[in-house]
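Trainee: One structure, pasted below without further comment.
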Amino acid sequence: MPSGTVYGTLLNFRSEVEALTAQMHQPPYKAPPKAPVLYVKTANTWSAHDAAIAVPARVPEVEVGATIAMVMGDAGRIQGYVLMNDLSIPHTSFFRPPVKFKCLDGFLGIGAYLPAARAGEPAAFTLEVRINGELKQTVDFANLVRSAAQLRAEVSEFMTLRPGDVLMLGCDFGRPLAKAGDRIDITAPGLGTLSNTLVAETSDAEPPPQSVGATST
């Protein structure tokens, strides 16, 4: 599990930016963001490989956010990479994502760590998402708006990334949906497979709201 803070990144794939361009020009912002847009996946969301992730009874489906994240080392360098499944309840806000949709217990699958020295160029990363064994999405990180190095540099202009912090490269447009009972497998060369099974939550109690987050526009 991460030793620092886990940050997600929005609008870092070209296809998502193209699909949401009209929305970006609507109130309250009326223009595309000029800096990376971030949010926090709090520690209560973290789930290990092969863990079962509970889905609240009120939620018919969840959005699968397959991505690769940078693990930060000393002096702001990229120490390594990790597969992640950034689950969220489907919603329409992409500028300041409601935390209650993204920070439910267990809603971040975390895979194995790969040192940067063995990872190669992040622009060459690809991953595949399978639900119950069926291929649902292929993600090509050559289509990032900001490369891994550029994203790290721009984020570092307005906040400090400390050793152990984790920064996702972003989730591509067309994220597949899954429901309780489904098994999600995310595979990337060199990073292996991150697998999680969704199960129906046994309690109807509402999870307490989380009050953390970070954005920049």
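Identifiers in the structure tokens: chain A, B, ... in order shown; residue index from 1 per chain; ligand index from 1 in order shown.
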Taking a cut-off of 8 Å and counting only C-alpha atoms, can you build a table that, for each residue of stretch 130-204 of chain A near stretch 12-26 of chain A, reports the nearest atom pair and how far apart they are in Å (one decimal), sorted by chain then residue number, as JSON lines?

Mentor:
```
{"residue": "A:Asn143", "atom": "CA", "partner": "A:Phe13", "partner_atom": "CA", "distance": 5.8}
{"residue": "A:Leu144", "atom": "CA", "partner": "A:Phe13", "partner_atom": "CA", "distance": 4.5}
{"residue": "A:Val145", "atom": "CA", "partner": "A:Asn12", "partner_atom": "CA", "distance": 4.9}
{"residue": "A:Arg146", "atom": "CA", "partner": "A:Asn12", "partner_atom": "CA", "distance": 6.3}
{"residue": "A:Leu169", "atom": "CA", "partner": "A:Asn12", "partner_atom": "CA", "distance": 7.1}
{"residue": "A:Gly170", "atom": "CA", "partner": "A:Asn12", "partner_atom": "CA", "distance": 5.5}
{"residue": "A:Cys171", "atom": "CA", "partner": "A:Phe13", "partner_atom": "CA", "distance": 7.0}
{"residue": "A:Asp172", "atom": "CA", "partner": "A:Phe13", "partner_atom": "CA", "distance": 5.5}
{"residue": "A:Phe173", "atom": "CA", "partner": "A:Glu16", "partner_atom": "CA", "distance": 4.8}
```

Trainee: Now that the selection is made, can you save its residues with N, CA and C atoms as a PDB file, in the first residue's frame?

Mentor:
```
ATOM      1  N   ASN A 143      -1.454   8.591 -25.739  1.00  0.00           N
ATOM      2  CA  ASN A 143      -2.507   9.575 -25.979  1.00  0.00           C
ATOM      3  C   ASN A 143      -2.717  10.519 -24.797  1.00  0.00           C
ATOM      4  N   LEU A 144      -1.738  10.606 -23.907  1.00  0.00           N
ATOM      5  CA  LEU A 144      -1.840  11.539 -22.790  1.00  0.00           C
ATOM      6  C   LEU A 144      -1.755  12.988 -23.265  1.00  0.00           C
ATOM      7  N   VAL A 145      -2.470  13.877 -22.595  1.00  0.00           N
ATOM      8  CA  VAL A 145      -2.317  15.308 -22.838  1.00  0.00           C
ATOM      9  C   VAL A 145      -0.975  15.782 -22.291  1.00  0.00           C
ATOM     10  N   ARG A 146      -0.684  15.391 -21.068  1.00  0.00           N
ATOM     11  CA  ARG A 146       0.604  15.690 -20.436  1.00  0.00           C
ATOM     12  C   ARG A 146       1.334  14.381 -20.190  1.00  0.00           C
ATOM     13  N   LEU A 169      -1.659   8.865 -13.801  1.00  0.00           N
ATOM     14  CA  LEU A 169      -1.495   9.512 -15.099  1.00  0.00           C
ATOM     15  C   LEU A 169      -2.842   9.902 -15.708  1.00  0.00           C
ATOM     16  N   GLY A 170      -3.932   9.366 -15.178  1.00  0.00           N
ATOM     17  CA  GLY A 170      -5.259   9.683 -15.695  1.00  0.00           C
ATOM     18  C   GLY A 170      -5.951   8.453 -16.234  1.00  0.00           C
ATOM     19  N   CYS A 171      -7.266   8.568 -16.411  1.00  0.00           N
ATOM     20  CA  CYS A 171      -8.092   7.487 -16.947  1.00  0.00           C
ATOM     21  C   CYS A 171      -8.653   7.914 -18.299  1.00  0.00           C
ATOM     22  N   ASP A 172      -8.607   7.009 -19.251  1.00  0.00           N
ATOM     23  CA  ASP A 172      -9.059   7.331 -20.608  1.00  0.00           C
ATOM     24  C   ASP A 172     -10.580   7.420 -20.664  1.00  0.00           C
ATOM     25  N   PHE A 173     -11.061   8.045 -21.735  1.00  0.00           N
ATOM     26  CA  PHE A 173     -12.507   8.170 -21.967  1.00  0.00           C
ATOM     27  C   PHE A 173     -13.078   6.792 -22.299  1.00  0.00           C
TER      28      PHE A 173
END
```

Trainee: Can you tell me, as a ChimeraX atom specification, which residues in stretch 18-181 of chain A count as strand (DSSP E or B) by DSSP?

Mentor: /A:37-40,46-48,52-55,62-63,66-72,78-86,88,108-115,126-131,134-140,144,166-168,177-178

Trainee: Any chance you could export the current selection's C-alpha atoms as a PDB file, in the first residue's frame?

Mentor:
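Output (again_28.pdb):
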```pdb
ATOM      1  CA  VAL A  37      -6.923  18.932 -12.210  1.00  0.00           C
ATOM      2  CA  LEU A  38      -6.333  16.648  -9.217  1.00  0.00           C
ATOM      3  CA  TYR A  39      -8.319  14.851  -6.541  1.00  0.00           C
ATOM      4  CA  VAL A  40      -7.333  12.665  -3.596  1.00  0.00           C
ATOM      5  CA  TRP A  46      -7.242   1.472  -0.922  1.00  0.00           C
ATOM      6  CA  SER A  47      -7.708  -2.209  -1.833  1.00  0.00           C
ATOM      7  CA  ALA A  48      -4.992  -4.766  -2.548  1.00  0.00           C
ATOM      8  CA  ALA A  52     -13.153  -7.998  -2.795  1.00  0.00           C
ATOM      9  CA  ILE A  53     -14.550  -4.465  -3.133  1.00  0.00           C
ATOM     10  CA  ALA A  54     -17.998  -3.783  -1.700  1.00  0.00           C
ATOM     11  CA  VAL A  55     -20.504  -1.843  -3.810  1.00  0.00           C
ATOM     12  CA  VAL A  62     -19.534   1.545 -10.895  1.00  0.00           C
ATOM     13  CA  GLU A  63     -17.118   3.076 -13.363  1.00  0.00           C
ATOM     14  CA  ALA A  66      -7.929   1.706 -15.191  1.00  0.00           C
ATOM     15  CA  THR A  67      -4.672   3.632 -14.975  1.00  0.00           C
ATOM     16  CA  ILE A  68      -0.976   3.605 -14.161  1.00  0.00           C
ATOM     17  CA  ALA A  69       0.389   5.851 -11.443  1.00  0.00           C
ATOM     18  CA  MET A  70       3.803   7.323 -10.657  1.00  0.00           C
ATOM     19  CA  VAL A  71       5.319   6.640  -7.241  1.00  0.00           C
ATOM     20  CA  MET A  72       7.429   9.575  -6.142  1.00  0.00           C
ATOM     21  CA  ILE A  78       9.763   9.203 -10.330  1.00  0.00           C
ATOM     22  CA  GLN A  79      10.733   6.133  -8.329  1.00  0.00           C
ATOM     23  CA  GLY A  80       8.374   3.628  -9.926  1.00  0.00           C
ATOM     24  CA  TYR A  81       4.941   2.825 -11.315  1.00  0.00           C
ATOM     25  CA  VAL A  82       1.891   0.898 -10.152  1.00  0.00           C
ATOM     26  CA  LEU A  83      -1.343  -0.334 -11.739  1.00  0.00           C
ATOM     27  CA  MET A  84      -4.517   1.145 -10.272  1.00  0.00           C
ATOM     28  CA  ASN A  85      -8.268   0.668 -10.630  1.00  0.00           C
ATOM     29  CA  ASP A  86      -9.806   4.037  -9.732  1.00  0.00           C
ATOM     30  CA  SER A  88     -16.137   5.711  -8.888  1.00  0.00           C
ATOM     31  CA  LEU A 108      -9.085   2.037  -5.391  1.00  0.00           C
ATOM     32  CA  GLY A 109      -7.513  -1.239  -6.448  1.00  0.00           C
ATOM     33  CA  ILE A 110      -3.708  -1.099  -6.170  1.00  0.00           C
ATOM     34  CA  GLY A 111      -1.377  -3.477  -8.006  1.00  0.00           C
ATOM     35  CA  ALA A 112       2.264  -4.437  -7.868  1.00  0.00           C
ATOM     36  CA  TYR A 113       5.105  -1.898  -7.864  1.00  0.00           C
ATOM     37  CA  LEU A 114       7.539  -1.650 -10.800  1.00  0.00           C
ATOM     38  CA  PRO A 115      10.789   0.340 -10.360  1.00  0.00           C
ATOM     39  CA  THR A 126      -0.611   0.110 -22.607  1.00  0.00           C
ATOM     40  CA  LEU A 127      -3.163  -1.715 -20.518  1.00  0.00           C
ATOM     41  CA  GLU A 128      -6.211  -3.895 -21.060  1.00  0.00           C
ATOM     42  CA  VAL A 129      -9.360  -4.068 -18.957  1.00  0.00           C
ATOM     43  CA  ARG A 130     -11.333  -7.310 -18.782  1.00  0.00           C
ATOM     44  CA  ILE A 131     -14.596  -7.820 -16.938  1.00  0.00           C
ATOM     45  CA  GLU A 134     -14.141 -10.195 -21.649  1.00  0.00           C
ATOM     46  CA  LEU A 135     -11.981  -7.394 -23.047  1.00  0.00           C
ATOM     47  CA  LYS A 136     -13.775  -4.091 -22.402  1.00  0.00           C
ATOM     48  CA  GLN A 137     -11.131  -1.392 -22.864  1.00  0.00           C
ATOM     49  CA  THR A 138      -7.598  -0.888 -24.172  1.00  0.00           C
ATOM     50  CA  VAL A 139      -5.672   2.168 -22.953  1.00  0.00           C
ATOM     51  CA  ASP A 140      -2.692   3.623 -24.831  1.00  0.00           C
ATOM     52  CA  LEU A 144      -1.840  11.539 -22.790  1.00  0.00           C
ATOM     53  CA  VAL A 166       1.400   8.549  -5.818  1.00  0.00           C
ATOM     54  CA  LEU A 167       0.191  10.492  -8.874  1.00  0.00           C
ATOM     55  CA  MET A 168      -2.071   8.795 -11.421  1.00  0.00           C
ATOM     56  CA  LEU A 177     -19.069  -0.164 -16.101  1.00  0.00           C
ATOM     57  CA  ALA A 178     -19.151  -3.108 -13.696  1.00  0.00           C
TER      58      ALA A 178
END
```

Trainee: Counting only C-alpha atoms, figure out which residue out of A:Leu194, A:Arg183, A:Gly164, A:Ala200 gets nearest to A:Ala75.

Mentor: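 Between A:Leu194, A:Arg183, A:Gly164, A:Ala200, the residue approaching A:Ala75 most closely is A:Gly164.
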
Trainee: For A:Ala119, which residue among A:Leu11, A:Pro189, A:Ile89, A:Lys100 is the nearest when counting only C-alpha atoms?

Mentor: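 Using only C-alpha atoms, A:Ala119 sits closest to A:Pro189.
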
Trainee: I'd like the interatomic distance between atom CA of A:Pro60 and atom CA of A:Lys179, to a tenth of an Å.

Mentor: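 So the answer is 6.4 Å.
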